[in-house]
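S.K.: The structure file upload_24.cif (mmCIF, C-alpha atoms) is provided below.
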data_protein
loop_
_atom_site.label_atom_id
_atom_site.label_comp_id
_atom_site.auth_asym_id
_atom_site.auth_seq_id
_atom_site.Cartn_x
_atom_site.Cartn_y
_atom_site.Cartn_z
CA MET Y 15 104.71 74.10 111.88
CA SER Y 16 106.06 76.91 114.07
CA GLU Y 17 107.44 78.73 111.02
CA ASN Y 18 103.98 79.34 109.63
CA PRO Y 19 103.30 83.10 109.96
CA ILE Y 20 99.62 82.51 110.71
CA LEU Y 21 100.47 80.29 113.69
CA ASN Y 22 103.06 82.78 114.89
CA ASN Y 23 100.69 85.74 114.72
CA ILE Y 24 97.39 84.29 115.95
CA ASP Y 25 96.40 82.82 119.34
CA PHE Y 26 93.90 80.16 118.38
CA GLU Y 27 93.03 79.49 122.01
CA VAL Y 28 91.15 82.79 122.06
CA GLU Y 29 90.60 83.62 118.39
CA GLN Y 30 87.14 82.94 117.03
CA THR Y 31 86.97 81.36 113.59
CA PRO Y 32 86.25 81.78 110.77
CA PHE Y 33 88.23 84.89 109.85
CA TYR Y 34 90.37 86.20 107.03
CA TYR Y 35 94.09 86.46 107.68
CA TYR Y 36 96.06 88.96 105.59
CA ASP Y 37 99.83 88.88 105.25
CA MET Y 38 100.43 92.60 104.78
CA ALA Y 39 104.18 92.11 104.31
CA LEU Y 40 103.47 89.91 101.27
CA LEU Y 41 101.04 92.51 99.94
CA ASP Y 42 103.77 95.13 100.31
CA ARG Y 43 106.27 92.98 98.36
CA THR Y 44 103.67 92.29 95.68
CA LEU Y 45 102.97 95.99 95.20
CA ASP Y 46 106.70 96.66 94.95
CA ALA Y 47 106.92 93.97 92.25
CA VAL Y 48 104.05 95.60 90.34
CA ASN Y 49 105.71 99.01 90.49
CA GLU Y 50 109.08 97.62 89.43
CA ALA Y 51 107.67 95.66 86.50
CA SER Y 52 105.49 98.55 85.29
CA ALA Y 53 108.16 101.23 85.66
CA ASP Y 54 107.42 103.44 82.67
CA ALA Y 55 106.29 107.06 82.69
CA ARG Y 56 103.52 106.13 80.25
CA TYR Y 57 102.11 103.31 82.38
CA LYS Y 58 99.48 103.75 85.10
CA VAL Y 59 98.24 100.80 87.18
CA HIS Y 60 94.79 101.01 88.75
CA TYR Y 61 93.85 98.55 91.47
CA ALA Y 62 90.53 96.77 90.83
CA VAL Y 63 88.68 97.56 94.05
CA LYS Y 64 86.15 94.79 93.46
CA ALA Y 65 88.85 92.23 94.32
CA ASN Y 66 89.11 93.38 97.93
CA ALA Y 67 87.82 96.63 99.43
CA ASP Y 68 88.97 96.15 103.04
CA MET Y 69 90.18 99.57 104.18
CA PRO Y 70 93.66 98.41 105.33
CA ILE Y 71 94.15 96.79 101.90
CA LEU Y 72 93.01 99.90 100.03
CA LYS Y 73 95.25 102.17 102.09
CA ALA Y 74 98.26 99.92 101.49
CA VAL Y 75 97.61 99.97 97.73
CA MET Y 76 97.09 103.72 97.67
CA ALA Y 77 100.32 104.29 99.60
CA LYS Y 78 102.24 102.57 96.78
CA GLY Y 79 100.95 105.04 94.21
CA LEU Y 80 98.38 102.95 92.33
CA GLY Y 81 95.08 104.36 91.12
CA ALA Y 82 91.66 102.78 91.66
CA ASP Y 83 89.42 100.94 89.19
CA THR Y 84 85.85 101.07 90.51
CA VAL Y 85 82.55 99.53 89.41
CA SER Y 86 80.07 101.16 91.81
CA GLY Y 87 79.40 104.33 93.71
CA GLY Y 88 80.25 102.50 96.91
CA GLU Y 89 83.67 101.59 95.54
CA ILE Y 90 84.27 105.22 94.53
CA GLN Y 91 83.45 106.31 98.08
CA ALA Y 92 85.67 103.60 99.57
CA ALA Y 93 88.56 104.62 97.33
CA ILE Y 94 88.24 108.27 98.29
CA GLU Y 95 87.98 107.34 101.98
CA ALA Y 96 91.20 105.33 101.61
CA GLY Y 97 92.97 108.39 100.22
CA PHE Y 98 92.93 107.82 96.46
CA LYS Y 99 92.80 111.10 94.55
CA PRO Y 100 89.67 111.46 92.37
CA GLU Y 101 91.88 112.02 89.32
CA ASP Y 102 93.34 108.54 89.91
CA ILE Y 103 89.91 106.85 89.91
CA VAL Y 104 88.18 105.32 86.88
CA PHE Y 105 84.57 104.11 86.89
CA ALA Y 106 83.47 101.05 84.93
CA GLY Y 107 80.42 98.77 85.06
CA VAL Y 108 77.46 98.04 82.82
CA GLY Y 109 74.77 99.31 85.20
CA LYS Y 110 75.81 102.72 86.49
CA SER Y 111 72.83 104.30 88.20
CA ASP Y 112 71.99 107.98 87.85
CA ARG Y 113 73.03 108.62 91.44
CA GLU Y 114 76.36 106.84 90.91
CA ILE Y 115 77.06 108.91 87.80
CA GLU Y 116 76.22 112.07 89.75
CA LEU Y 117 78.49 111.00 92.59
CA ALA Y 118 81.36 110.33 90.19
CA LEU Y 119 80.93 113.71 88.49
CA GLU Y 120 80.72 115.49 91.84
CA ALA Y 121 83.90 113.75 93.00
CA GLY Y 122 85.74 114.65 89.80
CA ILE Y 123 86.93 111.16 88.83
CA SER Y 124 89.24 110.89 85.86
CA CYS Y 125 87.19 108.76 83.47
CA PHE Y 126 83.99 106.80 82.87
CA ASN Y 127 84.49 103.54 81.01
CA VAL Y 128 81.33 103.56 78.89
CA GLU Y 129 79.82 100.19 78.03
CA SER Y 130 76.84 101.01 75.78
CA LYS Y 131 75.19 103.67 73.64
CA ALA Y 132 72.34 103.87 76.15
CA GLU Y 133 74.76 104.53 79.02
CA LEU Y 134 76.56 107.17 76.97
CA ALA Y 135 73.30 109.09 76.52
CA VAL Y 136 72.56 109.05 80.25
CA ILE Y 137 76.07 110.20 81.24
CA ALA Y 138 75.84 113.00 78.67
CA GLU Y 139 72.44 114.14 79.98
CA ILE Y 140 73.50 114.11 83.63
CA ALA Y 141 76.81 115.85 82.90
CA SER Y 142 74.98 118.53 80.92
CA ARG Y 143 72.50 119.09 83.75
CA MET Y 144 75.41 119.43 86.21
CA ASN Y 145 77.37 121.73 83.88
CA ARG Y 146 80.22 119.23 83.69
CA VAL Y 147 82.13 117.56 80.90
CA ALA Y 148 82.63 113.85 81.49
CA ASP Y 149 85.82 112.28 80.19
CA ILE Y 150 84.96 108.87 78.76
CA ALA Y 151 86.66 105.79 77.37
CA LEU Y 152 84.68 103.39 75.23
CA ARG Y 153 84.83 99.81 76.46
CA ILE Y 154 85.17 97.69 73.35
CA ASN Y 155 84.80 93.93 73.12
CA PRO Y 156 87.70 92.77 70.93
CA ASP Y 157 86.21 89.25 70.50
CA ILE Y 158 89.06 87.45 72.23
CA ASP Y 159 88.55 84.17 74.08
CA ALA Y 160 90.71 84.30 77.23
CA HIS Y 161 90.12 80.54 77.82
CA THR Y 162 88.92 80.99 81.39
CA HIS Y 163 85.72 80.14 83.26
CA HIS Y 164 82.64 81.23 81.29
CA TYR Y 165 81.42 83.33 84.23
CA ILE Y 166 84.56 85.51 84.08
CA THR Y 167 85.14 85.71 80.32
CA THR Y 168 84.22 89.26 79.31
CA GLY Y 169 85.86 90.10 75.98
CA LEU Y 170 83.79 88.10 73.49
CA ALA Y 171 81.89 89.89 70.75
CA GLU Y 172 78.43 89.52 72.33
CA ASN Y 173 78.44 90.04 76.06
CA LYS Y 174 76.66 92.13 78.67
CA PHE Y 175 79.96 94.01 79.00
CA GLY Y 176 81.24 96.53 76.51
CA ILE Y 177 80.47 97.50 72.93
CA ASN Y 178 80.56 95.14 69.97
CA MET Y 179 83.06 96.41 67.40
CA GLU Y 180 80.35 96.30 64.72
CA LEU Y 181 78.43 98.97 66.66
CA LEU Y 182 81.36 101.37 67.06
CA ASP Y 183 80.44 103.75 64.23
CA ASP Y 184 76.96 104.20 65.65
CA VAL Y 185 78.34 104.90 69.13
CA LEU Y 186 80.94 107.35 67.78
CA ALA Y 187 78.19 109.24 65.96
CA SER Y 188 76.44 109.63 69.30
CA VAL Y 189 79.63 110.81 71.00
CA ALA Y 190 79.92 113.60 68.44
CA LYS Y 191 76.42 114.84 69.33
CA TYR Y 192 77.12 115.36 73.04
CA PRO Y 193 79.17 118.43 74.06
CA SER Y 194 79.02 117.25 77.69
CA VAL Y 195 81.25 114.21 77.05
CA LYS Y 196 84.81 114.02 75.80
CA LEU Y 197 86.22 110.84 74.30
CA THR Y 198 89.69 110.41 75.77
CA GLY Y 199 90.43 106.72 75.36
CA LEU Y 200 89.55 103.10 74.71
CA HIS Y 201 89.01 100.46 77.37
CA PHE Y 202 89.27 96.67 77.16
CA HIS Y 203 88.95 93.77 79.59
CA ILE Y 204 88.99 90.24 78.19
CA GLY Y 205 88.50 88.16 81.35
CA SER Y 206 89.94 87.07 84.68
CA GLN Y 207 92.35 84.45 86.00
CA ILE Y 208 94.29 84.47 82.74
CA THR Y 209 97.48 82.44 83.08
CA ASP Y 210 98.63 82.46 79.45
CA ASN Y 211 99.87 85.76 78.02
CA ALA Y 212 98.91 84.85 74.46
CA PRO Y 213 95.43 86.47 74.69
CA TYR Y 214 97.09 89.71 75.77
CA ALA Y 215 99.35 89.66 72.72
CA LEU Y 216 96.27 89.19 70.55
CA LEU Y 217 94.58 92.06 72.37
CA CYS Y 218 97.52 94.29 71.47
CA GLU Y 219 97.10 93.43 67.80
CA ARG Y 220 93.40 94.31 67.93
CA ILE Y 221 94.15 97.61 69.69
CA ASN Y 222 96.82 98.53 67.14
CA ALA Y 223 94.31 98.06 64.33
CA LEU Y 224 91.61 99.98 66.19
CA GLN Y 225 93.93 102.89 66.86
CA GLU Y 226 94.50 103.25 63.13
CA GLN Y 227 90.74 103.21 62.53
CA PHE Y 228 90.15 105.89 65.15
CA GLU Y 229 92.95 108.06 63.80
CA ALA Y 230 91.48 107.77 60.32
CA LYS Y 231 88.28 109.24 61.77
CA GLY Y 232 90.20 112.11 63.34
CA TYR Y 233 90.38 110.87 66.94
CA ARG Y 234 93.55 111.26 68.98
CA LEU Y 235 93.26 109.15 72.13
CA ALA Y 236 95.01 110.14 75.34
CA THR Y 237 94.70 106.73 77.00
CA ILE Y 238 94.47 103.05 76.20
CA ASN Y 239 93.17 100.90 79.07
CA VAL Y 240 93.86 97.18 78.68
CA GLY Y 241 92.04 96.08 81.86
CA GLY Y 242 93.49 93.36 84.02
CA GLY Y 243 92.75 89.68 84.46
CA LEU Y 244 96.24 88.38 85.23
CA GLY Y 245 95.90 85.08 87.08
CA ILE Y 246 97.66 83.54 90.08
CA ASP Y 247 98.84 80.09 91.17
CA TYR Y 248 96.03 78.67 93.28
CA ASP Y 249 97.66 75.24 93.44
CA ASP Y 250 101.03 76.22 94.90
CA PRO Y 251 100.82 79.68 96.51
CA ASP Y 252 103.98 79.17 98.58
CA ARG Y 253 106.07 78.46 95.49
CA ASN Y 254 104.54 81.35 93.51
CA PRO Y 255 103.37 83.97 95.99
CA ILE Y 256 103.94 86.83 93.53
CA PRO Y 257 102.82 86.57 89.88
CA ASP Y 258 105.20 87.10 87.01
CA PHE Y 259 104.38 90.76 86.51
CA LYS Y 260 107.43 91.36 84.34
CA SER Y 261 106.30 88.92 81.66
CA TYR Y 262 102.81 90.41 81.76
CA PHE Y 263 103.92 94.01 81.26
CA ASP Y 264 106.55 92.95 78.71
CA VAL Y 265 103.80 91.63 76.43
CA PHE Y 266 102.43 95.15 76.10
CA ARG Y 267 105.89 96.66 75.72
CA LYS Y 268 106.58 94.29 72.86
CA HIS Y 269 103.26 94.21 71.04
CA LEU Y 270 101.33 97.43 71.71
CA ILE Y 271 102.16 100.52 69.67
CA LEU Y 272 101.56 103.60 71.79
CA ARG Y 273 101.35 107.06 70.27
CA GLU Y 274 103.45 109.97 71.46
CA GLY Y 275 102.14 111.24 74.79
CA GLN Y 276 99.67 108.37 75.14
CA GLU Y 277 99.20 106.63 78.49
CA LEU Y 278 98.64 102.92 78.95
CA HIS Y 279 96.40 101.98 81.86
CA PHE Y 280 96.08 98.61 83.61
CA GLU Y 281 93.47 97.34 86.08
CA LEU Y 282 94.96 94.59 88.24
CA GLY Y 283 93.10 93.11 91.19
CA ARG Y 284 93.39 89.40 91.91
CA SER Y 285 97.09 89.28 91.04
CA ILE Y 286 97.80 91.94 93.67
CA VAL Y 287 95.78 90.75 96.66
CA ALA Y 288 94.83 87.08 96.26
CA GLN Y 289 97.94 85.46 97.68
CA CYS Y 290 98.16 87.66 100.78
CA GLY Y 291 94.82 86.41 102.13
CA SER Y 292 93.71 83.10 103.68
CA LEU Y 293 90.37 82.05 105.10
CA ILE Y 294 91.03 80.47 108.50
CA THR Y 295 88.51 77.91 109.71
CA ARG Y 296 88.22 75.34 112.49
CA VAL Y 297 87.21 71.69 112.08
CA LEU Y 298 83.94 71.08 113.93
CA TYR Y 299 83.55 67.38 113.20
CA VAL Y 300 85.13 64.57 111.23
CA LYS Y 301 82.27 62.51 109.89
CA GLU Y 302 82.93 58.96 108.75
CA GLY Y 303 80.71 57.93 105.85
CA VAL Y 304 80.47 54.63 104.03
CA LYS Y 305 82.85 55.65 101.26
CA LYS Y 306 83.86 59.16 102.23
CA ARG Y 307 85.32 61.02 105.16
CA PHE Y 308 84.07 64.57 105.74
CA ALA Y 309 85.91 67.37 107.53
CA ILE Y 310 83.09 69.70 108.53
CA VAL Y 311 84.41 73.20 109.22
CA ASP Y 312 82.91 76.37 110.64
CA ALA Y 313 83.40 78.42 107.44
CA GLY Y 314 80.82 78.16 104.70
CA PHE Y 315 80.21 79.38 101.20
CA ASN Y 316 78.80 82.55 102.68
CA ASP Y 317 82.43 83.25 103.72
CA LEU Y 318 84.11 82.09 100.48
CA ILE Y 319 81.76 81.51 97.56
CA ARG Y 320 84.30 80.87 94.80
CA PRO Y 321 84.28 77.05 95.05
CA ALA Y 322 80.47 76.94 94.90
CA LEU Y 323 80.11 79.65 92.25
CA TYR Y 324 83.06 78.94 89.96
CA GLN Y 325 83.98 75.36 90.94
CA ALA Y 326 87.26 76.96 92.01
CA HIS Y 327 89.81 75.15 94.13
CA HIS Y 328 91.80 76.77 96.92
CA LYS Y 329 94.74 74.94 98.40
CA ILE Y 330 93.80 73.76 101.89
CA GLN Y 331 96.37 73.36 104.65
CA ASN Y 332 95.96 71.87 108.10
CA LEU Y 333 97.94 74.30 110.24
CA THR Y 334 97.81 72.37 113.51
CA SER Y 335 98.05 68.66 112.71
CA THR Y 336 101.47 67.16 113.37
CA ALA Y 337 100.52 63.76 111.96
CA SER Y 338 102.71 62.23 109.26
CA GLU Y 339 99.80 60.04 108.13
CA GLU Y 340 97.49 61.48 105.49
CA GLU Y 341 93.83 60.85 104.72
CA VAL Y 342 91.42 61.99 102.05
CA TYR Y 343 88.58 64.29 103.09
CA ASP Y 344 85.71 66.22 101.60
CA VAL Y 345 86.10 69.61 103.26
CA VAL Y 346 82.59 71.00 103.72
CA GLY Y 347 80.88 73.84 105.53
CA PRO Y 348 77.79 74.17 107.74
CA ILE Y 349 75.49 75.93 105.25
CA CYS Y 350 72.24 74.12 104.51
CA GLU Y 351 73.06 73.68 100.83
CA SER Y 352 74.67 70.70 99.13
CA SER Y 353 76.93 73.09 97.22
CA ASP Y 354 78.65 74.18 100.46
CA VAL Y 355 81.76 72.19 99.62
CA PHE Y 356 85.24 73.69 99.60
CA SER Y 357 86.97 70.63 98.17
CA GLU Y 358 86.32 66.99 97.42
CA ASP Y 359 88.96 64.30 97.91
CA GLU Y 360 91.40 66.70 99.55
CA ARG Y 361 94.53 64.98 100.90
CA LEU Y 362 95.39 66.33 104.36
CA PRO Y 363 97.38 65.21 107.39
CA LEU Y 364 95.22 63.19 109.75
CA THR Y 365 92.60 65.72 110.82
CA HIS Y 366 90.59 65.95 114.04
CA ARG Y 367 87.95 68.14 115.64
CA GLY Y 368 89.54 71.46 116.62
CA ASP Y 369 92.22 71.48 113.94
CA ILE Y 370 92.78 74.79 112.15
CA LEU Y 371 92.63 74.84 108.35
CA ALA Y 372 93.72 77.61 105.99
CA LEU Y 373 92.08 78.07 102.59
CA ARG Y 374 94.84 79.82 100.74
CA SER Y 375 94.84 82.44 97.98
CA ALA Y 376 91.61 83.94 99.30
CA GLY Y 377 92.61 87.59 99.41
CA ALA Y 378 90.69 88.33 96.19
CA TYR Y 379 86.97 87.71 95.76
CA GLY Y 380 86.78 86.21 99.24
CA ARG Y 381 85.61 88.45 102.04
CA ILE Y 382 84.38 91.06 99.56
CA MET Y 383 81.84 88.52 98.19
CA ALA Y 384 80.75 87.24 101.61
CA SER Y 385 77.09 87.20 102.61
CA GLN Y 386 75.02 86.68 105.75
CA TYR Y 387 73.17 83.67 104.39
CA ASN Y 388 71.79 81.48 107.20
CA CYS Y 389 72.10 84.65 109.36
CA ARG Y 390 75.82 84.05 109.68
CA PRO Y 391 78.02 87.09 110.43
CA ILE Y 392 80.57 88.31 107.91
CA ALA Y 393 83.98 86.90 108.82
CA ARG Y 394 86.24 89.71 109.99
CA GLY Y 395 89.67 90.52 108.62
CA VAL Y 396 92.89 90.21 110.62
CA TYR Y 397 95.85 92.15 109.18
CA LYS Y 398 99.38 91.22 110.23
CA ASP Y 399 102.82 92.33 109.08
#
Hey, can you dump this file as structure tokens for me?

M.R.:
Amino acid sequence: MSENPILNNIDFEVEQTPFYYYDMALLDRTLDAVNEASADARYKVHYAVKANADMPILKAVMAKGLGADTVSGGEIQAAIEAGFKPEDIVFAGVGKSDREIELALEAGISCFNVESKAELAVIAEIASRMNRVADIALRINPDIDAHTHHYITTGLAENKFGINMELLDDVLASVAKYPSVKLTGLHFHIGSQITDNAPYALLCERINALQEQFEAKGYRLATINVGGGLGIDYDDPDRNPIPDFKSYFDVFRKHLILREGQELHFELGRSIVAQCGSLITRVLYVKEGVKKRFAIVDAGFNDLIRPALYQAHHKIQNLTSTASEEEVYDVVGPICESSDVFSEDERLPLTHRGDILALRSAGAYGRIMASQYNCRPIARGVYKD
């Protein structure tokens, strides 16, 4: 137990739970692994800010030379505050407001990932009014099933995200009408928590065919953006703390045909920050039911919504129990909703009131998605090397 870095770094006699614990040394090693695996002058990795926008996290990512993938004006501002250069920031999202578009143009970001003909018209109008030319990439849905949860599958033909390939000619005709926009690339994102590289190989094939179509129409594209979505090991984070970035990037090296001078952009989020974060919570009560035993903790789905929203499972560890005996518990929170359940039938060492539990792999889509439901405060972040 004493070798656990969380126990070594935190005094639980005085520390108030729940809180997020971040292993910044692991984040540093993960970023090094990304940079090593993507070492190619043509490759540019952007960090998906939506995964985790805590300022210490953003500054650590920026310091390693990554760009920023943003989906709101707030994320653009956070990235700039963290030190990202505007020319290293891209702006995606299906619902960019006029003010967000203005902010992005004022900041001088590198590219708008355009998701519809309607959005294209608005960006063109605002850019014209501001006497700017907006560099854009068209986000295209390649109709690829990434075989992930239906809430985070984004690359099918008909989706709120992106442009259906059947509508491309119509959108391109609109691009040609607007002198205030410049088409510089294509953008794709087929989903999240993808643990099989086969969909990425298929994506490469679709992009290769699309590039030929665009070239036949006279378009030379400076960038291809393949999004992100690389998954992590939620079941055994200690065995696999850093994803297999080499295999991921090698798929694109093997299957994607880049043109001379063309850049390939990536947007990784979860795979970079998920494993460095844990939600730390204290057991309030152990409730004995007729058929079940409940470990009621002081963290709720307002702190970590993934289990309630996606039916996701995070490995749960009892950091303080020294018991060799194990029991089965439903680990539940205090929120007044039946969905406030972190895990059912979780096998843990014998657990008592006051024990400290860690919900692992919570560095992505954890604290960033937290709310103040039931008037509960947002759990703070604790950052340790």

S.K.: Please expand the PyMOL selection byres ((chain Y and resi 209-213) around 6) into the concrete residues it hits in this file, giving the result as an MDAnalysis selection string.

M.R.: chainID Y and resid 160 208 214:216 245

S.K.: Expanded to explicit residues, what is the PyMOL selection byres ((chain Y and resi 117) around 12) for this file, as a list in words?

M.R.: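 With the PyMOL selection byres ((chain Y and resi 117) around 12) on this model, the match is Ser86, Gly87, Gly88, Glu89, Ile90, Gln91, Ile94, Pro100, Phe105, Lys110, Ser111, Asp112, Arg113, Glu114, Ile115, Glu116, Ala118, Leu119, Glu120, Ala121, Gly122, Ile123, Phe126, Ile137, Ile140, Ala141 and Met144 of chain Y.
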
S.K.: Evaluated on this file, the PyMOL selection byres ((chain Y and resi 360-363) around 12) picks out some residues - which ones are they, written as a PyMOL selection string?

M.R.: chain Y and resi 306-309+327-346+355-359+364-366+369-373

S.K.: List as a tab-separated table (two decimals) with C-alpha atoms, keeping the file's coordinate frame the protein and nucleic acid residues near region 198-201 of chain Y, meaning an atom at most 10 Å away when only C-alpha atoms are counted, but skip any in the same chain fewer than 5 places from it.

M.R.:
chain	number	residue	atom	x	y	z
Y	106	ALA	CA	83.47	101.05	84.93
Y	125	CYS	CA	87.19	108.76	83.47
Y	126	PHE	CA	83.99	106.80	82.87
Y	127	ASN	CA	84.49	103.54	81.01
Y	128	VAL	CA	81.33	103.56	78.89
Y	129	GLU	CA	79.82	100.19	78.03
Y	148	ALA	CA	82.63	113.85	81.49
Y	149	ASP	CA	85.82	112.28	80.19
Y	150	ILE	CA	84.96	108.87	78.76
Y	151	ALA	CA	86.66	105.79	77.37
Y	152	LEU	CA	84.68	103.39	75.23
Y	153	ARG	CA	84.83	99.81	76.46
Y	154	ILE	CA	85.17	97.69	73.35
Y	155	ASN	CA	84.80	93.93	73.12
Y	176	GLY	CA	81.24	96.53	76.51
Y	221	ILE	CA	94.15	97.61	69.69
Y	224	LEU	CA	91.61	99.98	66.19
Y	225	GLN	CA	93.93	102.89	66.86
Y	228	PHE	CA	90.15	105.89	65.15
Y	233	TYR	CA	90.38	110.87	66.94
Y	234	ARG	CA	93.55	111.26	68.98
Y	235	LEU	CA	93.26	109.15	72.13
Y	236	ALA	CA	95.01	110.14	75.34
Y	237	THR	CA	94.70	106.73	77.00
Y	238	ILE	CA	94.47	103.05	76.20
Y	239	ASN	CA	93.17	100.90	79.07
Y	240	VAL	CA	93.86	97.18	78.68
Y	241	GLY	CA	92.04	96.08	81.86
Y	276	GLN	CA	99.67	108.37	75.14
Y	277	GLU	CA	99.20	106.63	78.49
Y	278	LEU	CA	98.64	102.92	78.95
Y	279	HIS	CA	96.40	101.98	81.86
Y	280	PHE	CA	96.08	98.61	83.61

S.K.: Any idea what's packed within 6 Å of Val297 (chain Y), counting all atoms listed in the file, ignoring anything in its chain fewer than 2 positions away? Could you give it as a list in words?

M.R.: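 In the requested format, the answer is Tyr299, Ile310, Val311, Arg367, Gly368 and Asp369 of chain Y.
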
S.K.: Determine the nearest neighbour of Leu40 (chain Y) from the options Y:Asp252, Y:Glu302, Y:Asp247, Y:Glu139, counting only C-alpha atoms.

M.R.: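 Checking each of Y:Asp252, Y:Glu302, Y:Asp247, Y:Glu139 against Leu40 (chain Y), counting only C-alpha atoms, the winner is Y:Asp252.
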
S.K.: Neighbours of Glu50 (chain Y) within 9 Å (all atoms listed in the file; same-chain residues fewer than 3 positions away dropped), as an MDAnalysis selection string?

M.R.: chainID Y and resid 45:47 53 259:260

S.K.: Deliver the residues from the most recent selection as a file, using C-alpha atoms, as a short mmCIF file (atom, residue, chain, number, x, y, z; two decimals), in the coordinates of the input.

M.R.:
data_model
loop_
_atom_site.label_atom_id
_atom_site.label_comp_id
_atom_site.auth_asym_id
_atom_site.auth_seq_id
_atom_site.Cartn_x
_atom_site.Cartn_y
_atom_site.Cartn_z
CA LEU Y 45 102.97 95.99 95.20
CA ASP Y 46 106.70 96.66 94.95
CA ALA Y 47 106.92 93.97 92.25
CA ALA Y 53 108.16 101.23 85.66
CA PHE Y 259 104.38 90.76 86.51
CA LYS Y 260 107.43 91.36 84.34
#

S.K.: For Leu217 (chain Y), which residue among Y:Ala384, Y:Ile158, Y:Ile246, Y:Ala230 is the nearest when counting all atoms listed in the file?

M.R.: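 Ranking Y:Ala384, Y:Ile158, Y:Ile246, Y:Ala230 by distance to Leu217 (chain Y), first place goes to Y:Ile158.
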
S.K.: May I ask for the distance between CA of Gly395 (chain Y) and CA of Gly205 (chain Y), given in Å to one decimal place?

M.R.: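 For CA of Gly395 (chain Y) relative to CA of Gly205 (chain Y), the distance reads 27.4 Å.
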
S.K.: Between Y:Ser352, Y:Leu272, Y:Gly283, Y:Phe202, which has the minimum distance to Arg56 (chain Y) (counting all atoms listed in the file)?

M.R.: Y:Leu272

S.K.: Taking the partial coordinates given, rebuild region 154-158 of chain Y to contain all heavy atoms; return it as a compact mmCIF listing (two decimals), in the frame of the given file.

M.R.:
# COMPACT_ATOMS: atom_id res chain seq x y z
N ILE Y 154 85.40 98.43 74.59
CA ILE Y 154 85.17 97.69 73.35
C ILE Y 154 85.46 96.22 73.58
O ILE Y 154 86.45 95.85 74.21
CB ILE Y 154 86.07 98.24 72.23
CG1 ILE Y 154 85.72 99.72 71.97
CG2 ILE Y 154 85.92 97.42 70.96
CD1 ILE Y 154 86.66 100.40 71.00
N ASN Y 155 84.58 95.37 73.06
CA ASN Y 155 84.80 93.93 73.12
C ASN Y 155 85.60 93.50 71.89
O ASN Y 155 85.09 93.56 70.77
CB ASN Y 155 83.46 93.18 73.14
CG ASN Y 155 82.75 93.34 74.47
OD1 ASN Y 155 83.37 93.68 75.46
ND2 ASN Y 155 81.46 93.10 74.48
N PRO Y 156 86.85 93.09 72.08
CA PRO Y 156 87.70 92.77 70.93
C PRO Y 156 87.50 91.35 70.38
O PRO Y 156 88.23 90.92 69.50
CB PRO Y 156 89.11 92.92 71.50
CG PRO Y 156 88.96 92.55 72.94
CD PRO Y 156 87.59 93.03 73.35
N ASP Y 157 86.51 90.63 70.93
CA ASP Y 157 86.21 89.25 70.50
C ASP Y 157 87.42 88.35 70.66
O ASP Y 157 87.86 87.69 69.71
CB ASP Y 157 85.70 89.23 69.05
CG ASP Y 157 85.01 87.91 68.70
OD1 ASP Y 157 84.63 87.18 69.64
OD2 ASP Y 157 84.84 87.61 67.50
N ILE Y 158 87.93 88.31 71.90
CA ILE Y 158 89.06 87.45 72.23
C ILE Y 158 88.63 86.48 73.32
O ILE Y 158 88.10 86.90 74.35
CB ILE Y 158 90.26 88.29 72.71
CG1 ILE Y 158 90.82 89.14 71.56
CG2 ILE Y 158 91.37 87.40 73.28
CD1 ILE Y 158 91.88 90.10 71.98
